[in-house]
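Peer 1: Let me give you the structure first, and then I'll get to my questions.
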Amino acid sequence: MSIEPFGPPALHARMRVVAEDFFVEELPAFEASGAGEHLLLTVEKRGMNTAFAAACIARWADVPESAVSYAGMKDRHAVTRQRFSVHLPGRDAPDVASLASDELRVLDATRHSRKLQRGALRGNRFVLVLRDVVGERDTIETRLLTIRERGFPNAFGEQRFGREGGNLDAARAMFAGRRMRREQRSILLSAARSELFNRVLAARVADGSWETGLPGEVWMLDGSHSVFGPESDSATLDALTERAQRLDIHPTGPLWGRGELRTQVACRDLEIATLADAADLRVGLEQADLRQERRALRVPARDLTWEWLAADALRLSFELPPGSYATSLLQAMGTVVDAASPTRVDHPTDG
């Protein structure tokens with residue numbers, strides 16, 4: 001699904017030529033308490049995904065994998081820093097030095113009073129290097145300035161849908177009655193929801209309303225999941241438009257589930273029309289007892305900076321909130337091929 005908010009591609013490039021070209025660091029949502037039944041580990045890992053790291057930590061601590069928790073998933077083909085918690089009631093932790101390897105090192109180990117919950121992070125900081133960059137430098141930098149000033153479409157990344165979109169086919173089979181393991185079921189429900197959201201987002205990008213809103217819009221406060229609206233008073237609508245221009249609030253799209261859409265008039269009409277041919281996914285999500293929720297259509301790239309390392313090498317630095325995708329920002333710039341996995345071009349930032 002093509003989502004091009006700012007016109008034709010400003011560049012063609014490759015990402016993740018080496019793991020160090022994709023650096024991700026979780027921004028913690030809280031400080032460790034210093035005491036409690038849980039050991040809070042901050043680790044840096046290279047060439048290791050989150051689930052594999054959690055299994056390594058469980059073996060090191062001699063606990064079941066269910067005793068190890070993390071706030072978000074991070075990809076294998078990257079250098080990443082993230083937190084894990086290990087439940088060790090009444091036990092001292094093994095020597096953290098014995099956990100270290102060429103792929104993993106412990107940056108901090110502190111006791112904490114509670115288990116680390118999914119999504120318990122303030123966001124993620126990225127440092128990405130694009131190589132073999134083709135494009136006019138002025139055009140590329142103008143596009144980056146536009147993204148810094150206006151944000152970019154908050155699309156779900158392609159990896160949500162599996163290889164060649166296979167998760168959507170599997171979701172349809174599940175909704176038709178095929179039994180799935182519990183962990184697979186969660187992945188497929190997310191894929192179906194993400195597909196419907198991305199369809200609405202593409203329609204909103206096409207008509208330009210992904211930034212400005214529509215009559216009957218439901219808005220989300222920047223930096224939170226709090227939503228409000230729709231509003232009908234004209235003076236209020238003018239004020240909302242001005243707030244949207246400041247990136248203080250964002251239009252939203254549906255995360256499908258049971259219950260009525262909160263949007264009204266033009267906004268509701270667009271969502272219903274856009275998803276009219278996806279009844280199988282909509283009904284399946286409703287029968288799975290998910291409830292209607294909202295997701296911002298737009299996301300700011302905080303502290304976006306860039307540096308040319310060479311004529312064809314560009315380093316980007318920025319922060320994103322949980323749930324947003326770095327490669328959605330890259331998609332707004334142009335065509336970027338993932339050298340680590342050419343058939344899969346997106347990377348999650350969150351849990």
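Labels for the structure tokens follow display order: chains A, B, ..., residues from 1 in each chain, ligands from 1.
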Quick one: which region 300-342 of chain A residues come within 12 Å of region 67-73 of chain A, and what is the nearest atom pair for each with the distance in Å to one decimal, counting only C-alpha atoms, rows ordered by chain and ascending number, as JSON lines?

Peer 2:
```
{"residue": "A:Pro321", "atom": "CA", "partner": "A:Gly72", "partner_atom": "CA", "distance": 11.8}
{"residue": "A:Pro322", "atom": "CA", "partner": "A:Gly72", "partner_atom": "CA", "distance": 8.4}
{"residue": "A:Gly323", "atom": "CA", "partner": "A:Gly72", "partner_atom": "CA", "distance": 9.2}
{"residue": "A:Ser324", "atom": "CA", "partner": "A:Gly72", "partner_atom": "CA", "distance": 11.7}
{"residue": "A:Tyr325", "atom": "CA", "partner": "A:Met73", "partner_atom": "CA", "distance": 11.9}
```

Peer 1: Mind dumping the selected residues with N, CA and C atoms as a short mmCIF file (atom, residue, chain, number, x, y, z; two decimals), in the first residue's frame?

Peer 2:
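Saved to selection_29.cif:
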```cif
data_model
loop_
_atom_site.label_atom_id
_atom_site.label_comp_id
_atom_site.auth_asym_id
_atom_site.auth_seq_id
_atom_site.Cartn_x
_atom_site.Cartn_y
_atom_site.Cartn_z
N PRO A 321 7.44 8.19 19.42
CA PRO A 321 6.69 7.63 20.54
C PRO A 321 6.50 6.13 20.37
N PRO A 322 6.13 5.42 21.44
CA PRO A 322 5.85 3.99 21.31
C PRO A 322 4.75 3.73 20.28
N GLY A 323 4.91 2.67 19.53
CA GLY A 323 3.89 2.30 18.56
C GLY A 323 4.08 2.85 17.18
N SER A 324 5.08 3.71 16.98
CA SER A 324 5.35 4.29 15.67
C SER A 324 6.59 3.66 15.06
N TYR A 325 6.73 3.80 13.75
CA TYR A 325 7.73 3.05 12.99
C TYR A 325 8.72 3.99 12.31
#
```

Peer 1: Would you please extract all strand (DSSP E or B) residues from region 36-259 of chain A, as assigned by DSSP on the backbone, and give them as number ranges by chain?

Peer 2: A: 38-46, 68-70, 79-87, 104-112, 121-134, 152-153, 219-221, 227-228, 249-255, 258

Peer 1: Report, in Å with one decimal, the straight-line distance from CA of Ile147 (chain A) to CA of Gln82 (chain A).

Peer 2: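 The value is 26.5 Å.
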
Peer 1: Give me the residues within 9 Å of Pro230 (chain A) as a list in words, counting only C-alpha atoms and dropping any in the same chain fewer than 2 places off.

Peer 2: Pro215, Gly216, Glu217, Val218, Trp219, Phe228, Ser232, Arg262, Thr263 and Gln264 of chain A

Peer 1: Convert the current residue selection to file output with N, CA and C atoms, as an mmCIF file, in the first residue's frame.

Peer 2:
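Everything below was put into result-v4.cif:
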```
data_model
loop_
_atom_site.group_PDB
_atom_site.id
_atom_site.type_symbol
_atom_site.label_atom_id
_atom_site.label_comp_id
_atom_site.auth_asym_id
_atom_site.auth_seq_id
_atom_site.Cartn_x
_atom_site.Cartn_y
_atom_site.Cartn_z
ATOM 1 N N PRO A 215 -14.676 17.207 9.080
ATOM 2 C CA PRO A 215 -15.862 17.342 9.931
ATOM 3 C C PRO A 215 -16.217 15.997 10.570
ATOM 4 N N GLY A 216 -16.472 16.025 11.860
ATOM 5 C CA GLY A 216 -16.758 14.788 12.584
ATOM 6 C C GLY A 216 -15.525 14.068 13.078
ATOM 7 N N GLU A 217 -14.379 14.774 13.069
ATOM 8 C CA GLU A 217 -13.093 14.170 13.447
ATOM 9 C C GLU A 217 -13.020 13.847 14.935
ATOM 10 N N VAL A 218 -12.334 12.734 15.250
ATOM 11 C CA VAL A 218 -11.908 12.437 16.618
ATOM 12 C C VAL A 218 -10.412 12.716 16.688
ATOM 13 N N TRP A 219 -9.994 13.513 17.661
ATOM 14 C CA TRP A 219 -8.622 13.986 17.765
ATOM 15 C C TRP A 219 -7.888 13.282 18.885
ATOM 16 N N PHE A 228 -10.516 13.043 21.984
ATOM 17 C CA PHE A 228 -11.700 13.859 22.241
ATOM 18 C C PHE A 228 -12.364 14.185 20.915
ATOM 19 N N SER A 232 -18.649 20.238 16.938
ATOM 20 C CA SER A 232 -19.475 20.782 15.857
ATOM 21 C C SER A 232 -19.461 22.307 15.792
ATOM 22 N N ARG A 262 -16.684 6.280 16.641
ATOM 23 C CA ARG A 262 -16.902 7.532 17.374
ATOM 24 C C ARG A 262 -17.013 8.714 16.413
ATOM 25 N N THR A 263 -16.433 8.588 15.241
ATOM 26 C CA THR A 263 -16.470 9.674 14.264
ATOM 27 C C THR A 263 -17.884 9.911 13.751
ATOM 28 N N GLN A 264 -18.088 11.096 13.150
ATOM 29 C CA GLN A 264 -19.401 11.459 12.605
ATOM 30 C C GLN A 264 -19.228 12.076 11.213
#
```

Peer 1: Neighbouring residues of region 168-175 of chain A were defined as those with any atom within 10 Å, considering only C-alpha atoms; residues of the same chain fewer than 4 positions away were excluded. Please report them as an MDAnalysis selection string.

Peer 2: chainID A and resid 160:162 164 179:180 184:195 280:285 287:288

Peer 1: Quick one: pick out all helix (DSSP H, G or I) residues within region 67-304 of chain A from a backbone DSSP run and write them as a tab-separated table (two decimals) with N, CA and C atoms, in the first residue's frame.

Peer 2:
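Generated output (part08.tsv):
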```tsv
chain	number	residue	atom	x	y	z
A	67	ALA	N	9.31	-15.51	33.48
A	67	ALA	CA	9.78	-14.60	34.55
A	67	ALA	C	10.55	-13.41	34.00
A	96	VAL	N	26.38	-10.46	36.77
A	96	VAL	CA	25.96	-9.98	35.45
A	96	VAL	C	27.06	-10.13	34.42
A	97	ALA	N	28.31	-10.19	34.87
A	97	ALA	CA	29.40	-10.36	33.92
A	97	ALA	C	29.28	-11.67	33.17
A	98	SER	N	28.67	-12.67	33.79
A	98	SER	CA	28.53	-13.98	33.14
A	98	SER	C	27.46	-13.98	32.07
A	99	LEU	N	26.66	-12.93	31.99
A	99	LEU	CA	25.65	-12.81	30.93
A	99	LEU	C	26.24	-12.22	29.65
A	137	ARG	N	20.69	16.56	-3.18
A	137	ARG	CA	20.83	16.85	-1.76
A	137	ARG	C	19.84	17.92	-1.31
A	138	ASP	N	19.63	18.96	-2.10
A	138	ASP	CA	18.69	20.02	-1.72
A	138	ASP	C	17.28	19.46	-1.59
A	139	THR	N	16.89	18.56	-2.51
A	139	THR	CA	15.55	17.95	-2.46
A	139	THR	C	15.40	17.09	-1.22
A	140	ILE	N	16.42	16.32	-0.91
A	140	ILE	CA	16.38	15.45	0.26
A	140	ILE	C	16.27	16.28	1.54
A	141	GLU	N	17.06	17.33	1.64
A	141	GLU	CA	17.02	18.13	2.86
A	141	GLU	C	15.72	18.92	2.98
A	142	THR	N	15.16	19.34	1.85
A	142	THR	CA	13.85	19.99	1.90
A	142	THR	C	12.79	19.01	2.41
A	143	ARG	N	12.87	17.76	1.97
A	143	ARG	CA	11.92	16.76	2.46
A	143	ARG	C	12.09	16.53	3.96
A	144	LEU	N	13.31	16.48	4.43
A	144	LEU	CA	13.55	16.31	5.86
A	144	LEU	C	13.02	17.48	6.67
A	145	LEU	N	13.20	18.69	6.16
A	145	LEU	CA	12.64	19.86	6.84
A	145	LEU	C	11.12	19.78	6.90
A	146	THR	N	10.51	19.31	5.82
A	146	THR	CA	9.06	19.15	5.80
A	146	THR	C	8.60	18.16	6.85
A	147	ILE	N	9.29	17.04	6.96
A	147	ILE	CA	8.94	16.03	7.95
A	147	ILE	C	9.14	16.58	9.36
A	148	ARG	N	10.21	17.33	9.57
A	148	ARG	CA	10.45	17.90	10.89
A	148	ARG	C	9.35	18.89	11.27
A	149	GLU	N	8.84	19.64	10.31
A	149	GLU	CA	7.82	20.65	10.59
A	149	GLU	C	6.41	20.07	10.65
A	150	ARG	N	6.14	19.02	9.87
A	150	ARG	CA	4.76	18.55	9.72
A	150	ARG	C	4.50	17.14	10.24
A	158	GLU	N	5.40	-2.78	7.27
A	158	GLU	CA	5.09	-3.96	6.48
A	158	GLU	C	5.34	-5.26	7.24
A	159	GLN	N	6.29	-5.28	8.18
A	159	GLN	CA	6.57	-6.53	8.85
A	159	GLN	C	5.40	-6.98	9.71
A	160	ARG	N	4.46	-6.08	10.02
A	160	ARG	CA	3.24	-6.47	10.74
A	160	ARG	C	2.45	-7.53	9.97
A	161	PHE	N	2.63	-7.56	8.66
A	161	PHE	CA	1.80	-8.40	7.81
A	161	PHE	C	2.49	-9.68	7.37
A	163	ARG	N	5.69	-12.20	5.78
A	163	ARG	CA	6.29	-12.33	4.46
A	163	ARG	C	5.22	-12.36	3.39
A	164	GLU	N	5.34	-11.43	2.44
A	164	GLU	CA	4.39	-11.30	1.32
A	164	GLU	C	2.94	-11.20	1.81
A	165	GLY	N	2.76	-10.55	2.97
A	165	GLY	CA	1.41	-10.33	3.49
A	165	GLY	C	0.72	-11.56	4.01
A	166	GLY	N	1.51	-12.59	4.35
A	166	GLY	CA	0.91	-13.86	4.75
A	166	GLY	C	0.09	-13.80	6.02
A	167	ASN	N	0.37	-12.85	6.90
A	167	ASN	CA	-0.41	-12.76	8.14
A	167	ASN	C	-1.87	-12.41	7.88
A	168	LEU	N	-2.12	-11.64	6.83
A	168	LEU	CA	-3.51	-11.31	6.50
A	168	LEU	C	-4.26	-12.52	6.00
A	169	ASP	N	-3.62	-13.33	5.16
A	169	ASP	CA	-4.26	-14.56	4.70
A	169	ASP	C	-4.54	-15.49	5.88
A	170	ALA	N	-3.58	-15.57	6.80
A	170	ALA	CA	-3.77	-16.42	7.97
A	170	ALA	C	-4.87	-15.88	8.87
A	171	ALA	N	-4.98	-14.55	8.97
A	171	ALA	CA	-6.04	-13.95	9.78
A	171	ALA	C	-7.41	-14.29	9.19
A	172	ARG	N	-7.52	-14.20	7.88
A	172	ARG	CA	-8.79	-14.56	7.24
A	172	ARG	C	-9.14	-16.03	7.48
A	173	ALA	N	-8.12	-16.90	7.42
A	173	ALA	CA	-8.36	-18.31	7.69
A	173	ALA	C	-8.79	-18.52	9.14
A	174	MET	N	-8.18	-17.80	10.06
A	174	MET	CA	-8.57	-17.89	11.46
A	174	MET	C	-10.01	-17.43	11.66
A	175	PHE	N	-10.36	-16.31	11.03
A	175	PHE	CA	-11.73	-15.82	11.17
A	175	PHE	C	-12.74	-16.79	10.55
A	182	ARG	N	-2.30	-19.43	20.73
A	182	ARG	CA	-2.65	-18.15	21.36
A	182	ARG	C	-1.72	-17.03	20.90
A	183	GLU	N	-0.39	-17.31	20.88
A	183	GLU	CA	0.55	-16.26	20.49
A	183	GLU	C	0.40	-15.89	19.01
A	184	GLN	N	0.07	-16.89	18.17
A	184	GLN	CA	-0.14	-16.60	16.77
A	184	GLN	C	-1.44	-15.81	16.57
A	185	ARG	N	-2.44	-16.11	17.36
A	185	ARG	CA	-3.72	-15.42	17.26
A	185	ARG	C	-3.53	-13.92	17.50
A	186	SER	N	-2.75	-13.56	18.50
A	186	SER	CA	-2.50	-12.14	18.79
A	186	SER	C	-1.83	-11.45	17.62
A	187	ILE	N	-0.86	-12.10	16.99
A	187	ILE	CA	-0.16	-11.53	15.84
A	187	ILE	C	-1.14	-11.30	14.69
A	188	LEU	N	-2.03	-12.25	14.46
A	188	LEU	CA	-2.95	-12.15	13.32
A	188	LEU	C	-4.03	-11.09	13.56
A	189	LEU	N	-4.48	-10.98	14.79
A	189	LEU	CA	-5.44	-9.91	15.10
A	189	LEU	C	-4.80	-8.54	14.88
A	190	SER	N	-3.55	-8.39	15.29
A	190	SER	CA	-2.84	-7.12	15.07
A	190	SER	C	-2.68	-6.83	13.59
A	191	ALA	N	-2.39	-7.86	12.80
A	191	ALA	CA	-2.23	-7.66	11.36
A	191	ALA	C	-3.53	-7.19	10.73
A	192	ALA	N	-4.64	-7.78	11.12
A	192	ALA	CA	-5.93	-7.38	10.55
A	192	ALA	C	-6.27	-5.94	10.93
A	193	ARG	N	-6.08	-5.59	12.18
A	193	ARG	CA	-6.34	-4.23	12.62
A	193	ARG	C	-5.45	-3.23	11.89
A	194	SER	N	-4.19	-3.58	11.74
A	194	SER	CA	-3.23	-2.70	11.09
A	194	SER	C	-3.60	-2.47	9.63
A	195	GLU	N	-4.06	-3.51	8.96
A	195	GLU	CA	-4.46	-3.37	7.56
A	195	GLU	C	-5.61	-2.38	7.41
A	196	LEU	N	-6.61	-2.48	8.27
A	196	LEU	CA	-7.75	-1.57	8.18
A	196	LEU	C	-7.32	-0.14	8.48
A	197	PHE	N	-6.48	0.04	9.50
A	197	PHE	CA	-6.00	1.38	9.81
A	197	PHE	C	-5.22	1.95	8.63
A	198	ASN	N	-4.31	1.17	8.06
A	198	ASN	CA	-3.50	1.68	6.95
A	198	ASN	C	-4.35	2.05	5.75
A	199	ARG	N	-5.44	1.33	5.51
A	199	ARG	CA	-6.34	1.67	4.40
A	199	ARG	C	-6.96	3.06	4.63
A	200	VAL	N	-7.42	3.28	5.85
A	200	VAL	CA	-8.02	4.59	6.14
A	200	VAL	C	-6.95	5.68	6.05
A	201	LEU	N	-5.78	5.41	6.58
A	201	LEU	CA	-4.69	6.39	6.51
A	201	LEU	C	-4.36	6.73	5.06
A	202	ALA	N	-4.27	5.73	4.19
A	202	ALA	CA	-3.97	5.99	2.78
A	202	ALA	C	-5.04	6.88	2.15
A	203	ALA	N	-6.31	6.64	2.50
A	203	ALA	CA	-7.39	7.48	1.97
A	203	ALA	C	-7.28	8.90	2.49
A	204	ARG	N	-6.88	9.05	3.74
A	204	ARG	CA	-6.76	10.40	4.33
A	204	ARG	C	-5.55	11.13	3.76
A	205	VAL	N	-4.47	10.41	3.47
A	205	VAL	CA	-3.32	11.04	2.80
A	205	VAL	C	-3.73	11.47	1.40
A	206	ALA	N	-4.51	10.63	0.71
A	206	ALA	CA	-4.91	10.95	-0.66
A	206	ALA	C	-5.75	12.21	-0.73
A	207	ASP	N	-6.62	12.45	0.28
A	207	ASP	CA	-7.45	13.66	0.23
A	207	ASP	C	-6.86	14.81	1.05
A	209	SER	N	-6.41	15.12	4.27
A	209	SER	CA	-7.00	15.41	5.59
A	209	SER	C	-6.26	14.72	6.73
A	210	TRP	N	-5.18	13.99	6.45
A	210	TRP	CA	-4.45	13.31	7.51
A	210	TRP	C	-3.79	14.30	8.46
A	211	GLU	N	-3.59	15.54	8.02
A	211	GLU	CA	-3.00	16.58	8.87
A	211	GLU	C	-4.05	17.52	9.44
A	212	THR	N	-5.06	17.84	8.66
A	212	THR	CA	-5.97	18.93	9.01
A	212	THR	C	-7.26	18.47	9.66
A	234	SER	N	-18.32	25.90	15.11
A	234	SER	CA	-17.38	26.38	14.09
A	234	SER	C	-16.15	27.05	14.71
A	235	ALA	N	-16.35	27.84	15.78
A	235	ALA	CA	-15.21	28.48	16.43
A	235	ALA	C	-14.28	27.44	17.03
A	236	THR	N	-14.86	26.39	17.60
A	236	THR	CA	-14.04	25.31	18.14
A	236	THR	C	-13.27	24.61	17.04
A	237	LEU	N	-13.91	24.38	15.90
A	237	LEU	CA	-13.25	23.73	14.78
A	237	LEU	C	-12.07	24.55	14.27
A	238	ASP	N	-12.22	25.87	14.23
A	238	ASP	CA	-11.11	26.73	13.80
A	238	ASP	C	-9.94	26.61	14.77
A	239	ALA	N	-10.25	26.56	16.06
A	239	ALA	CA	-9.20	26.44	17.07
A	239	ALA	C	-8.50	25.08	16.96
A	240	LEU	N	-9.26	24.04	16.64
A	240	LEU	CA	-8.66	22.71	16.50
A	240	LEU	C	-7.73	22.66	15.29
A	241	THR	N	-8.13	23.31	14.22
A	241	THR	CA	-7.28	23.35	13.03
A	241	THR	C	-5.95	24.02	13.35
A	242	GLU	N	-6.01	25.10	14.13
A	242	GLU	CA	-4.79	25.81	14.50
A	242	GLU	C	-3.91	24.94	15.39
A	243	ARG	N	-4.52	24.20	16.31
A	243	ARG	CA	-3.75	23.31	17.17
A	243	ARG	C	-3.11	22.18	16.36
A	244	ALA	N	-3.83	21.70	15.37
A	244	ALA	CA	-3.28	20.64	14.51
A	244	ALA	C	-2.05	21.14	13.75
A	245	GLN	N	-2.08	22.39	13.31
A	245	GLN	CA	-0.93	22.94	12.61
A	245	GLN	C	0.29	23.02	13.51
A	265	VAL	N	-20.35	12.30	10.58
A	265	VAL	CA	-20.50	12.97	9.27
A	265	VAL	C	-19.38	12.58	8.30
A	266	ALA	N	-18.64	13.56	7.76
A	266	ALA	CA	-17.70	13.28	6.67
A	266	ALA	C	-16.62	12.28	7.07
A	267	CYS	N	-16.12	12.39	8.29
A	267	CYS	CA	-15.06	11.49	8.74
A	267	CYS	C	-15.57	10.05	8.84
A	268	ARG	N	-16.71	9.88	9.42
A	268	ARG	CA	-17.32	8.55	9.54
A	268	ARG	C	-17.63	7.98	8.17
A	269	ASP	N	-18.18	8.82	7.28
A	269	ASP	CA	-18.52	8.35	5.94
A	269	ASP	C	-17.30	7.83	5.20
A	270	LEU	N	-16.17	8.54	5.33
A	270	LEU	CA	-14.94	8.10	4.67
A	270	LEU	C	-14.48	6.76	5.23
A	271	GLU	N	-14.51	6.60	6.54
A	271	GLU	CA	-14.04	5.35	7.13
A	271	GLU	C	-14.90	4.18	6.71
A	272	ILE	N	-16.21	4.37	6.69
A	272	ILE	CA	-17.11	3.29	6.30
A	272	ILE	C	-16.92	2.94	4.83
A	273	ALA	N	-16.82	3.94	3.97
A	273	ALA	CA	-16.65	3.69	2.54
A	273	ALA	C	-15.31	3.01	2.25
A	274	THR	N	-14.25	3.44	2.93
A	274	THR	CA	-12.92	2.88	2.69
A	274	THR	C	-12.84	1.41	3.09
A	279	ALA	N	-15.23	-6.56	4.94
A	279	ALA	CA	-16.17	-7.03	5.95
A	279	ALA	C	-15.63	-8.24	6.70
A	280	ASP	N	-14.88	-9.11	6.03
A	280	ASP	CA	-14.36	-10.30	6.71
A	280	ASP	C	-13.42	-9.93	7.85
A	281	LEU	N	-12.57	-8.94	7.61
A	281	LEU	CA	-11.66	-8.51	8.67
A	281	LEU	C	-12.40	-7.78	9.77
A	282	ARG	N	-13.34	-6.92	9.40
A	282	ARG	CA	-14.09	-6.16	10.41
A	282	ARG	C	-14.90	-7.10	11.31
A	283	VAL	N	-15.62	-8.01	10.71
A	283	VAL	CA	-16.44	-8.94	11.50
A	283	VAL	C	-15.58	-9.85	12.36
A	284	GLY	N	-14.45	-10.30	11.80
A	284	GLY	CA	-13.56	-11.15	12.57
A	284	GLY	C	-13.02	-10.46	13.80
A	285	LEU	N	-12.65	-9.20	13.67
A	285	LEU	CA	-12.15	-8.45	14.82
A	285	LEU	C	-13.25	-8.20	15.84
A	286	GLU	N	-14.45	-7.93	15.37
A	286	GLU	CA	-15.56	-7.72	16.29
A	286	GLU	C	-15.87	-9.00	17.07
A	287	GLN	N	-15.85	-10.15	16.37
A	287	GLN	CA	-16.15	-11.41	17.03
A	287	GLN	C	-15.03	-11.85	17.96
```

Peer 1: Restrict the calculation to only C-alpha atoms, then for each residue of region 77-149 of chain A with any atom at most 12 Å from an atom of region 55-61 of chain A give the closest atom pair and their distance in Å to one decimal, rows by chain and rising residue number, as a Markdown table.

Peer 2:
```
| residue | atom | partner | partner_atom | distance |
| --- | --- | --- | --- | --- |
| A:Arg83 | CA | A:Ile57 | CA | 11.5 |
| A:Phe84 | CA | A:Ile57 | CA | 8.6 |
| A:Ser85 | CA | A:Ile57 | CA | 9.4 |
| A:Val86 | CA | A:Ala58 | CA | 7.7 |
| A:His87 | CA | A:Ala61 | CA | 9.2 |
| A:Leu88 | CA | A:Ala61 | CA | 8.3 |
| A:Pro89 | CA | A:Ala61 | CA | 11.8 |
| A:Arg91 | CA | A:Ala61 | CA | 9.9 |
| A:Asp92 | CA | A:Ala61 | CA | 9.5 |
| A:Ala93 | CA | A:Ala61 | CA | 6.7 |
| A:Pro94 | CA | A:Ala61 | CA | 6.3 |
| A:Asp95 | CA | A:Trp60 | CA | 9.1 |
| A:Val96 | CA | A:Trp60 | CA | 8.7 |
| A:Ala97 | CA | A:Trp60 | CA | 10.4 |
| A:Ser98 | CA | A:Trp60 | CA | 7.7 |
| A:Leu99 | CA | A:Trp60 | CA | 6.3 |
| A:Ala100 | CA | A:Trp60 | CA | 9.9 |
| A:Ser101 | CA | A:Cys56 | CA | 10.4 |
| A:Glu103 | CA | A:Cys56 | CA | 11.0 |
| A:Leu104 | CA | A:Cys56 | CA | 9.6 |
| A:Arg105 | CA | A:Ile57 | CA | 11.2 |
| A:Val106 | CA | A:Ile57 | CA | 10.6 |
```

Peer 1: Please report the interatomic distance between CA of Glu136 (chain A) and CA of Gly334 (chain A) in Å with one decimal.

Peer 2: 12.1 Å

Peer 1: Grab the CA of Leu316 (chain A) to CA of Arg298 (chain A) distance for me, in Å with one decimal place.

Peer 2: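 Value for the CA of Leu316 (chain A)-CA of Arg298 (chain A) distance: 19.3 Å.
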